[in-house]
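S.K.: One structure, as structure tokens, below. Some questions next.
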Amino acid sequence: MYQLTDVTKLYAKGRRTVPAVRDLSLVIRDGEWLAIQGRTGHGKSTLLNLLGMLDRPTSGTIQLDGKDLTRLTGAQASRLRAKSIGFIFQTFNLVPTLSAAENVEAALIPLGVPAAERRRRVDAALESVALADRARHLPGEMSGGQQQRVAVARALVKEPTVLLADEPTGNLDEDTRDEIINLLEKLWRERGLTLVLVTHDTAIARRAQRVGVMSKGLLTIQAGAQPGAVTGPVSS
Amino acid sequence: MFFFTYLRRELRRRMRQAVLIALGLAVGIGLVVTVTAASAGVKQAQSDVLRSLYGVGTDVTVTGAAPKPERPGGAPPPGAQTFQIGPGGAQVCQNGKCHNPAGQTIDNLESAGYRPISQAKVAEVARLGGVRAAVGGLVLNDTSITIPKHFGQAGGPLPTPNSFTVDGVDTSHSGLGPLSTGTITSGRALRGSDATASVAVVDSGYAASHKLKVGSMVHIVGHSFKVVGIVAQAQGSSPPDVYIPLARAQAIGTAAGKSLKHDVNTIYVTATSAAAIPAVQAEIKRLLPGDTVTTAASLASQVTGSLSSTAKLANDLGRWLSVLALIAAFAVASLLTMAAVSRRVRDFGTLKALGWRSRRIIAQVLGESLVIGLAGGAAGIALGFAGARIIAAIAPKLWAIIPSSAGPHLAALGNGGAAARSFGPAASQTVAVPMSASVTAAAIVAAVLLAIAGGLIAGGFGSWRIARLRPADALTRVA
């Protein structure tokens, strides 16, 4: 479970200070699917980066399963990211010189998994996204949808508890978009992941259990969310 | 292994840049190897020259002091022969008594510009601390001049003296001295049993020009010596023409008219170790204060000519050129590596998002740089070999001008005693030395170390960039 308390992230832009996230307090339960919408530059990706420890808040605390992420060292954050958090990016972010299998394998390297076990898990991950026949293909030899499926396999091969997806369908056509979202939803249900998904697409957002809207660094949970979920503004 | 797979793929992707960096390093390293080879070749040439003078294993050489210079027009040393030309014709004078040498051959075997040293001093030097062995020798010049019967008429040309060098060798110590550097090409060397025999070993060049072979006779101040061997010395050296046993040289040689019995004019010394040489030199100077004590190092500093100029060029200019080329190569490699890292910032940000620690990513980049560095080093070694070959092929012969004491002279007075000319050996000898350049094992090791250093320096700059990378910033970069 994530617990964010009064989290603020400020960026210096020349003489000005820009608040990317402002006084955000939020609880994300285990196994929950939270979608975050909002216009470009209003703090969605920043929030995702904070949840994934790719950035540190200027103030406030972020706890994951009781652990204060803001107090972790770089090495501890890397270890936790390697073990528990999967990322999916809008631009897929596959290493262009590595094959699909090797890109998926890259996620297991920091865990010190033996080579034979790595191979087995990579094969299983690619199988789960129906890309076993593309294992040896380079990203440049695959379509956008296939690349994003490889990215999904890479995110899930380490069996994380949290999946953070930043506009996973932003660079895809409509059919492929549905394909990817269906895949994510299926894997979320099967594995009981905590899924935080940033999207512009309202149709996609509505498939989530809860929808929040980021506007100028403030997060508002929309009315009509799942029962038991927090509604109303969550930034003080 | 994943590490090598990723490394190989990235190098292949940036092949052109990798080749450029490797070539830059190759040029720098190749220059270092070539300059080192040239320096080694010049050093070898210098030591060949020195070795030919003093022999293998000679660490210190003692030579008798130079004779006191004669005042122009002054009296010759007692016992010395002088040759005069005056209105009455030619005259040979000794100890105030003169006679007309017309139709005669005047032959002198004189100490070649060194004053004698008592042979007892050789044993004293051998007993000094740090000395492994010491042997004495006599370096002599045989100068002969044949006066024509009707010599002395006005306007007639001066007769030309003939001279050759004679080295008196201690036959009981064949491993030390000038004869030890040579290779016997015919016959045999001088043996211990030859100590008082009238036998000689002749230099191959002298033998060829005078049509001498084993069994021939050479004549030294009227004494006949049988040639028992022909010796070839190092190319470019200026060896003595004839080697005879020391005792025979002492019996027939003179110094300023005095007998050289129980005297030498050169002592060859071997030290117990290279570290002992300076102390041995100092001790001998104390024992023989008036004489000249030289080591190979001090003689090397006196050698002039194009050999020493080339040595300076290779050492000074060559070294600085190599350093500058290396700095430029390392700088270019570092800049290109940093540029490559900048282009891969999003990849590295993604790997950090996957949980890769900075040091793992740094190891990857360092590995790539090291491979490029080693490739550059291999190419540099090849370039170095090529450079050394080119130098050996096109470099001109070098000249070493080695100072040596003036030999005996015959003073000739012109009509009325107005002018004086002297004959005798030159005050220095010029030795031709072929220039070679050889790549040494040390140069190859240096090249490999430079290649590794170049790779690590370039990778280090890239690594610094990675260590400072914030994943959130990296992930927003457009590929």
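If you're wondering about the labels, chains in the structure tokens are A, B, ... by order shown, residues count from 1 in each chain, ligands from 1 in order shown.
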Give the residues of chain A that lie within 9 Å of chain B; count only C-alpha atoms, and format the answer as a ChimeraX atom specification.

M.R.: /A:46,49,52-55,74-75,77-83,85-87,89,93-98,102,105-111,115,154-155

S.K.: Write out as number ranges by chain each polymer residue whose atoms come within 10 Å of stretch 205-221 of chain A, counting only C-alpha atoms; drop sequence neighbours fewer than 6 positions from it.

M.R.: A: 8-10, 18-26, 28, 32-47, 181-182, 185, 195-199, 227, 229-236

S.K.: Would you write out those residues with N, CA and C atoms, as a short mmCIF file (atom, residue, chain, number, x, y, z; two decimals), in the first residue's frame?

M.R.:
```cif
data_model
loop_
_atom_site.label_atom_id
_atom_site.label_comp_id
_atom_site.auth_asym_id
_atom_site.auth_seq_id
_atom_site.Cartn_x
_atom_site.Cartn_y
_atom_site.Cartn_z
N THR A 8 5.10 17.39 -1.77
CA THR A 8 5.27 18.53 -2.68
C THR A 8 6.55 18.34 -3.47
N LYS A 9 6.50 18.66 -4.75
CA LYS A 9 7.73 18.62 -5.56
C LYS A 9 7.84 19.94 -6.29
N LEU A 10 8.94 20.64 -6.05
CA LEU A 10 9.17 21.93 -6.68
C LEU A 10 10.35 21.81 -7.64
N VAL A 18 8.68 26.25 -9.75
CA VAL A 18 7.44 25.70 -10.32
C VAL A 18 7.01 24.50 -9.46
N PRO A 19 5.80 24.52 -8.91
CA PRO A 19 5.34 23.37 -8.13
C PRO A 19 4.75 22.32 -9.06
N ALA A 20 5.40 21.19 -9.21
CA ALA A 20 4.89 20.14 -10.07
C ALA A 20 3.82 19.33 -9.33
N VAL A 21 4.02 19.13 -8.04
CA VAL A 21 3.04 18.44 -7.19
C VAL A 21 2.92 19.27 -5.92
N ARG A 22 1.65 19.47 -5.49
CA ARG A 22 1.46 20.36 -4.33
C ARG A 22 0.68 19.66 -3.23
N ASP A 23 1.28 19.56 -2.08
CA ASP A 23 0.59 19.11 -0.84
C ASP A 23 -0.33 17.92 -1.09
N LEU A 24 0.21 16.89 -1.69
CA LEU A 24 -0.61 15.74 -2.07
C LEU A 24 -0.60 14.69 -0.97
N SER A 25 -1.80 14.31 -0.51
CA SER A 25 -1.92 13.19 0.42
C SER A 25 -2.84 12.17 -0.21
N LEU A 26 -2.41 10.93 -0.24
CA LEU A 26 -3.15 9.91 -1.02
C LEU A 26 -2.83 8.54 -0.46
N ILE A 28 -3.06 4.55 -1.76
CA ILE A 28 -3.34 3.62 -2.86
C ILE A 28 -3.26 2.23 -2.27
N GLU A 32 -5.01 -2.15 -6.10
CA GLU A 32 -5.91 -1.14 -6.67
C GLU A 32 -5.41 -0.69 -8.03
N TRP A 33 -6.36 -0.30 -8.92
CA TRP A 33 -6.00 0.31 -10.19
C TRP A 33 -6.44 1.77 -10.13
N LEU A 34 -5.43 2.65 -10.08
CA LEU A 34 -5.69 4.08 -10.04
C LEU A 34 -5.24 4.67 -11.36
N ALA A 35 -6.14 5.36 -12.03
CA ALA A 35 -5.78 6.08 -13.26
C ALA A 35 -5.64 7.55 -12.93
N ILE A 36 -4.66 8.18 -13.53
CA ILE A 36 -4.46 9.61 -13.30
C ILE A 36 -4.52 10.32 -14.65
N GLN A 37 -5.43 11.27 -14.72
CA GLN A 37 -5.57 12.06 -15.95
C GLN A 37 -5.10 13.48 -15.69
N GLY A 38 -5.04 14.25 -16.77
CA GLY A 38 -4.70 15.66 -16.63
C GLY A 38 -3.97 16.14 -17.86
N ARG A 39 -3.88 17.46 -17.97
CA ARG A 39 -3.22 18.03 -19.14
C ARG A 39 -1.70 17.90 -19.01
N THR A 40 -1.07 18.09 -20.13
CA THR A 40 0.39 17.97 -20.15
C THR A 40 1.00 19.04 -19.26
N GLY A 41 1.98 18.63 -18.47
CA GLY A 41 2.72 19.60 -17.64
C GLY A 41 2.05 19.91 -16.32
N HIS A 42 1.08 19.10 -15.92
CA HIS A 42 0.38 19.38 -14.67
C HIS A 42 0.79 18.45 -13.54
N GLY A 43 1.78 17.61 -13.79
CA GLY A 43 2.35 16.87 -12.68
C GLY A 43 2.08 15.38 -12.66
N LYS A 44 1.48 14.85 -13.71
CA LYS A 44 1.13 13.41 -13.70
C LYS A 44 2.39 12.55 -13.66
N SER A 45 3.27 12.82 -14.61
CA SER A 45 4.49 12.01 -14.70
C SER A 45 5.36 12.22 -13.48
N THR A 46 5.35 13.45 -12.95
CA THR A 46 6.13 13.73 -11.74
C THR A 46 5.64 12.86 -10.59
N LEU A 47 4.31 12.75 -10.45
CA LEU A 47 3.74 11.91 -9.40
C LEU A 47 4.18 10.46 -9.58
N ILE A 181 -4.21 -2.21 -23.37
CA ILE A 181 -4.98 -1.98 -22.15
C ILE A 181 -5.65 -3.27 -21.70
N ASN A 182 -6.14 -4.04 -22.68
CA ASN A 182 -6.74 -5.33 -22.32
C ASN A 182 -5.71 -6.23 -21.65
N GLU A 185 -5.01 -4.95 -18.15
CA GLU A 185 -6.11 -5.24 -17.23
C GLU A 185 -6.10 -6.72 -16.85
N LEU A 195 -1.77 -1.02 -9.63
CA LEU A 195 -1.50 -0.41 -10.94
C LEU A 195 -1.83 1.07 -10.89
N VAL A 196 -0.84 1.89 -11.18
CA VAL A 196 -1.08 3.34 -11.30
C VAL A 196 -0.79 3.70 -12.75
N LEU A 197 -1.79 4.18 -13.45
CA LEU A 197 -1.68 4.38 -14.89
C LEU A 197 -1.99 5.83 -15.22
N VAL A 198 -1.05 6.48 -15.88
CA VAL A 198 -1.24 7.87 -16.31
C VAL A 198 -1.74 7.83 -17.75
N THR A 199 -2.79 8.57 -18.05
CA THR A 199 -3.33 8.56 -19.41
C THR A 199 -4.07 9.86 -19.72
N PRO A 227 -16.68 2.08 -4.88
CA PRO A 227 -17.08 2.21 -3.47
C PRO A 227 -15.88 1.99 -2.55
N ALA A 229 -13.55 4.00 -2.06
CA ALA A 229 -12.40 4.81 -2.46
C ALA A 229 -12.56 6.23 -1.94
N VAL A 230 -11.47 6.92 -1.80
CA VAL A 230 -11.51 8.31 -1.35
C VAL A 230 -11.97 9.17 -2.51
N THR A 231 -12.89 10.08 -2.27
CA THR A 231 -13.33 10.98 -3.34
C THR A 231 -13.02 12.42 -2.94
N GLY A 232 -13.17 13.32 -3.89
CA GLY A 232 -12.93 14.73 -3.60
C GLY A 232 -11.46 15.05 -3.70
N PRO A 233 -11.12 16.31 -3.54
CA PRO A 233 -9.72 16.72 -3.69
C PRO A 233 -8.85 15.99 -2.66
N VAL A 234 -7.72 15.56 -3.08
CA VAL A 234 -6.81 14.87 -2.15
C VAL A 234 -5.54 15.68 -1.91
N SER A 235 -5.45 16.84 -2.56
CA SER A 235 -4.34 17.73 -2.24
C SER A 235 -4.90 18.81 -1.35
N SER A 236 -4.22 19.12 -0.25
CA SER A 236 -4.75 20.11 0.70
C SER A 236 -4.49 21.53 0.21
#
```

S.K.: Find the residues around B:Ala451 up to 9 Å (only C-alpha atoms counted), leave out those fewer than 6 positions away in its own chain, and share them as a list of chain:residue names.

M.R.: B:Leu25, B:Ala26, B:Ile29, B:Leu370, B:Ile372, B:Gly373, B:Leu374, B:Ala375, B:Gly376, B:Gly377, B:Ala378, B:Gly380

S.K.: Keeping C-alpha atoms, export the residues of the selection given above as a PDB file, in the first residue's frame.

M.R.:
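result_3.pdb was written with the following content:
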```pdb
ATOM      1  CA  LEU B  25      44.590   6.168 -29.551  1.00  0.00           C
ATOM      2  CA  ALA B  26      46.522   4.092 -32.105  1.00  0.00           C
ATOM      3  CA  ILE B  29      50.413   4.936 -28.892  1.00  0.00           C
ATOM      4  CA  LEU B 370      38.482  -0.598 -22.411  1.00  0.00           C
ATOM      5  CA  ILE B 372      38.171   0.339 -27.716  1.00  0.00           C
ATOM      6  CA  GLY B 373      41.371   1.243 -25.863  1.00  0.00           C
ATOM      7  CA  LEU B 374      42.834  -2.233 -26.313  1.00  0.00           C
ATOM      8  CA  ALA B 375      41.912  -2.196 -30.002  1.00  0.00           C
ATOM      9  CA  GLY B 376      43.680   1.152 -30.265  1.00  0.00           C
ATOM     10  CA  GLY B 377      46.656  -0.281 -28.419  1.00  0.00           C
ATOM     11  CA  ALA B 378      46.914  -3.244 -30.777  1.00  0.00           C
ATOM     12  CA  GLY B 380      49.240   1.373 -32.123  1.00  0.00           C
TER      13      GLY B 380
END
```

S.K.: In Å to one decimal, how far is atom CA of A:Asp6 from atom CA of A:Ser59?

M.R.: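 We find that atom CA of A:Ser59 and atom CA of A:Asp6 lie 7.3 Å from each other.
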
S.K.: Could you go through chain A and tell me which residues DSSP, when run on the backbone, assigns to strand (DSSP E), listing them as an NGL selection string?

M.R.: :A and (2-13 or 16-28 or 33-38 or 59-64 or 67-68 or 85-88 or 162-166 or 194-198 or 210-215 or 218-221 or 232-233)

S.K.: Restrict the selected residues to C-alpha atoms and save them as a PDB file, in the first residue's frame.

M.R.:
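Output file part_24.pdb follows:
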```
ATOM      1  CA  TYR A   2       1.184   3.495  -0.849  1.00  0.00           C
ATOM      2  CA  GLN A   3       0.666   6.299   1.615  1.00  0.00           C
ATOM      3  CA  LEU A   4       1.529   9.814   0.494  1.00  0.00           C
ATOM      4  CA  THR A   5       1.444  12.581   3.085  1.00  0.00           C
ATOM      5  CA  ASP A   6       1.681  16.269   2.104  1.00  0.00           C
ATOM      6  CA  VAL A   7       3.969  15.518  -0.775  1.00  0.00           C
ATOM      7  CA  THR A   8       5.271  18.530  -2.681  1.00  0.00           C
ATOM      8  CA  LYS A   9       7.726  18.616  -5.564  1.00  0.00           C
ATOM      9  CA  LEU A  10       9.167  21.931  -6.684  1.00  0.00           C
ATOM     10  CA  TYR A  11      11.379  22.570  -9.695  1.00  0.00           C
ATOM     11  CA  ALA A  12      13.591  25.587 -10.159  1.00  0.00           C
ATOM     12  CA  LYS A  13      13.165  27.209 -13.559  1.00  0.00           C
ATOM     13  CA  ARG A  16      11.017  30.922 -10.684  1.00  0.00           C
ATOM     14  CA  THR A  17      10.017  27.924  -8.655  1.00  0.00           C
ATOM     15  CA  VAL A  18       7.437  25.695 -10.315  1.00  0.00           C
ATOM     16  CA  PRO A  19       5.342  23.369  -8.132  1.00  0.00           C
ATOM     17  CA  ALA A  20       4.886  20.138 -10.070  1.00  0.00           C
ATOM     18  CA  VAL A  21       3.039  18.445  -7.191  1.00  0.00           C
ATOM     19  CA  ARG A  22       1.458  20.359  -4.334  1.00  0.00           C
ATOM     20  CA  ASP A  23       0.593  19.106  -0.844  1.00  0.00           C
ATOM     21  CA  LEU A  24      -0.613  15.742  -2.070  1.00  0.00           C
ATOM     22  CA  SER A  25      -1.922  13.193   0.422  1.00  0.00           C
ATOM     23  CA  LEU A  26      -3.146   9.913  -1.019  1.00  0.00           C
ATOM     24  CA  VAL A  27      -3.583   6.261  -0.143  1.00  0.00           C
ATOM     25  CA  ILE A  28      -3.342   3.624  -2.864  1.00  0.00           C
ATOM     26  CA  TRP A  33      -6.004   0.314 -10.194  1.00  0.00           C
ATOM     27  CA  LEU A  34      -5.687   4.084 -10.036  1.00  0.00           C
ATOM     28  CA  ALA A  35      -5.780   6.076 -13.262  1.00  0.00           C
ATOM     29  CA  ILE A  36      -4.458   9.611 -13.299  1.00  0.00           C
ATOM     30  CA  GLN A  37      -5.573  12.059 -15.946  1.00  0.00           C
ATOM     31  CA  GLY A  38      -4.698  15.659 -16.625  1.00  0.00           C
ATOM     32  CA  SER A  59       8.776  17.838   1.155  1.00  0.00           C
ATOM     33  CA  GLY A  60       6.346  15.281   2.551  1.00  0.00           C
ATOM     34  CA  THR A  61       6.637  11.519   2.879  1.00  0.00           C
ATOM     35  CA  ILE A  62       5.871   8.575   0.663  1.00  0.00           C
ATOM     36  CA  GLN A  63       5.482   5.189   2.296  1.00  0.00           C
ATOM     37  CA  LEU A  64       5.285   1.875   0.516  1.00  0.00           C
ATOM     38  CA  LYS A  67       8.728   1.876   4.354  1.00  0.00           C
ATOM     39  CA  ASP A  68       9.503   5.596   4.043  1.00  0.00           C
ATOM     40  CA  ILE A  85       8.242  -1.850  -9.037  1.00  0.00           C
ATOM     41  CA  GLY A  86       7.693  -2.305 -12.765  1.00  0.00           C
ATOM     42  CA  PHE A  87       7.653   0.602 -15.218  1.00  0.00           C
ATOM     43  CA  ILE A  88       5.996   1.011 -18.601  1.00  0.00           C
ATOM     44  CA  VAL A 162       3.475  -2.323  -8.179  1.00  0.00           C
ATOM     45  CA  LEU A 163       3.157  -1.432 -11.854  1.00  0.00           C
ATOM     46  CA  LEU A 164       3.566   2.205 -12.888  1.00  0.00           C
ATOM     47  CA  ALA A 165       2.529   2.969 -16.461  1.00  0.00           C
ATOM     48  CA  ASP A 166       3.099   6.417 -17.969  1.00  0.00           C
ATOM     49  CA  THR A 194      -1.186  -2.271  -7.636  1.00  0.00           C
ATOM     50  CA  LEU A 195      -1.497  -0.413 -10.939  1.00  0.00           C
ATOM     51  CA  VAL A 196      -1.077   3.342 -11.297  1.00  0.00           C
ATOM     52  CA  LEU A 197      -1.683   4.380 -14.892  1.00  0.00           C
ATOM     53  CA  VAL A 198      -1.244   7.874 -16.313  1.00  0.00           C
ATOM     54  CA  ARG A 210     -10.385   5.071  -9.282  1.00  0.00           C
ATOM     55  CA  VAL A 211      -9.608   8.096 -11.403  1.00  0.00           C
ATOM     56  CA  GLY A 212      -7.677  11.099 -10.222  1.00  0.00           C
ATOM     57  CA  VAL A 213      -7.163  14.337 -12.146  1.00  0.00           C
ATOM     58  CA  MET A 214      -3.932  16.323 -11.827  1.00  0.00           C
ATOM     59  CA  SER A 215      -4.320  20.015 -12.387  1.00  0.00           C
ATOM     60  CA  LEU A 218      -3.181  19.272  -7.361  1.00  0.00           C
ATOM     61  CA  LEU A 219      -4.836  15.852  -7.479  1.00  0.00           C
ATOM     62  CA  THR A 220      -8.594  15.505  -7.364  1.00  0.00           C
ATOM     63  CA  ILE A 221     -10.238  12.093  -7.205  1.00  0.00           C
ATOM     64  CA  GLY A 232     -12.931  14.727  -3.599  1.00  0.00           C
ATOM     65  CA  PRO A 233      -9.716  16.717  -3.693  1.00  0.00           C
TER      66      PRO A 233
END
```

S.K.: Just list the residues in stretch 102-192 of chain A DSSP gives helix (DSSP H, G or I) on the backbone, as a PyMOL selection string.

M.R.: chain A and resi 102-106+109-111+115-128+132-134+139-141+144-156+174-191

S.K.: If you count only C-alpha atoms, which residues fall within 8 Å of A:Leu193, apart from same-chain ones fewer than 4 positions away, as a list in words?

M.R.: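 The contact residues come out as Asp30, Gly31, Glu32, Pro160, Thr161, Val162, Leu163, Leu187, Trp188 and Arg189 of chain A.
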
S.K.: Could you write out that same residue set with N, CA and C atoms as an mmCIF file, in the first residue's frame?

M.R.:
```cif
data_model
loop_
_atom_site.group_PDB
_atom_site.id
_atom_site.type_symbol
_atom_site.label_atom_id
_atom_site.label_comp_id
_atom_site.auth_asym_id
_atom_site.auth_seq_id
_atom_site.Cartn_x
_atom_site.Cartn_y
_atom_site.Cartn_z
ATOM 1 N N ASP A 30 -3.359 -1.925 -1.847
ATOM 2 C CA ASP A 30 -2.768 -3.044 -2.576
ATOM 3 C C ASP A 30 -3.781 -3.588 -3.566
ATOM 4 N N GLY A 31 -3.350 -3.829 -4.756
ATOM 5 C CA GLY A 31 -4.217 -4.419 -5.767
ATOM 6 C C GLY A 31 -5.158 -3.428 -6.430
ATOM 7 N N GLU A 32 -5.011 -2.149 -6.101
ATOM 8 C CA GLU A 32 -5.913 -1.143 -6.671
ATOM 9 C C GLU A 32 -5.405 -0.690 -8.029
ATOM 10 N N PRO A 160 6.603 -7.953 -9.835
ATOM 11 C CA PRO A 160 6.553 -6.834 -8.889
ATOM 12 C C PRO A 160 5.195 -6.775 -8.198
ATOM 13 N N THR A 161 5.139 -5.946 -7.163
ATOM 14 C CA THR A 161 3.844 -5.714 -6.511
ATOM 15 C C THR A 161 3.180 -4.466 -7.062
ATOM 16 N N VAL A 162 3.991 -3.597 -7.670
ATOM 17 C CA VAL A 162 3.475 -2.323 -8.179
ATOM 18 C C VAL A 162 3.834 -2.199 -9.651
ATOM 19 N N LEU A 163 2.882 -1.704 -10.443
ATOM 20 C CA LEU A 163 3.157 -1.432 -11.854
ATOM 21 C C LEU A 163 2.807 0.029 -12.116
ATOM 22 N N LEU A 187 -3.538 -8.777 -16.802
ATOM 23 C CA LEU A 187 -2.414 -9.091 -15.914
ATOM 24 C C LEU A 187 -2.653 -8.499 -14.516
ATOM 25 N N TRP A 188 -3.291 -7.328 -14.488
ATOM 26 C CA TRP A 188 -3.592 -6.723 -13.183
ATOM 27 C C TRP A 188 -4.502 -7.617 -12.368
ATOM 28 N N ARG A 189 -5.520 -8.155 -13.036
ATOM 29 C CA ARG A 189 -6.460 -9.018 -12.321
ATOM 30 C C ARG A 189 -5.782 -10.310 -11.900
#
```

S.K.: Would you please work out which residue, of B:Ser186, B:Gln364, B:Ser118, B:Thr146, is nearest to B:Ser259 when using only C-alpha atoms?

M.R.: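 So, comparing all the options, the nearest one is B:Ser118.
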
S.K.: Quick one, how far is atom CA of A:Val129 from atom CA of A:Thr169?

M.R.: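 So the answer is 15.4 Å.
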
S.K.: For each of A:Arg15, A:Lys158, A:Arg191, A:Arg56, take the minimum atom-to-atom distance to A:Ala125, counting only C-alpha atoms, then give the residue where this is smallest.

M.R.: A:Lys158

S.K.: Determine the nearest neighbour of A:Leu48 from the options A:Gly144, A:Arg118, A:Leu172, A:Glu167, counting only C-alpha atoms.

M.R.: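 Looking only at the distances to A:Leu48, the closest residue turns out to be A:Glu167.
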
S.K.: What is the atom CA of B:Leu109-atom CA of B:Ala255 distance in Å, reported with one decimal?

M.R.: 8.3 Å
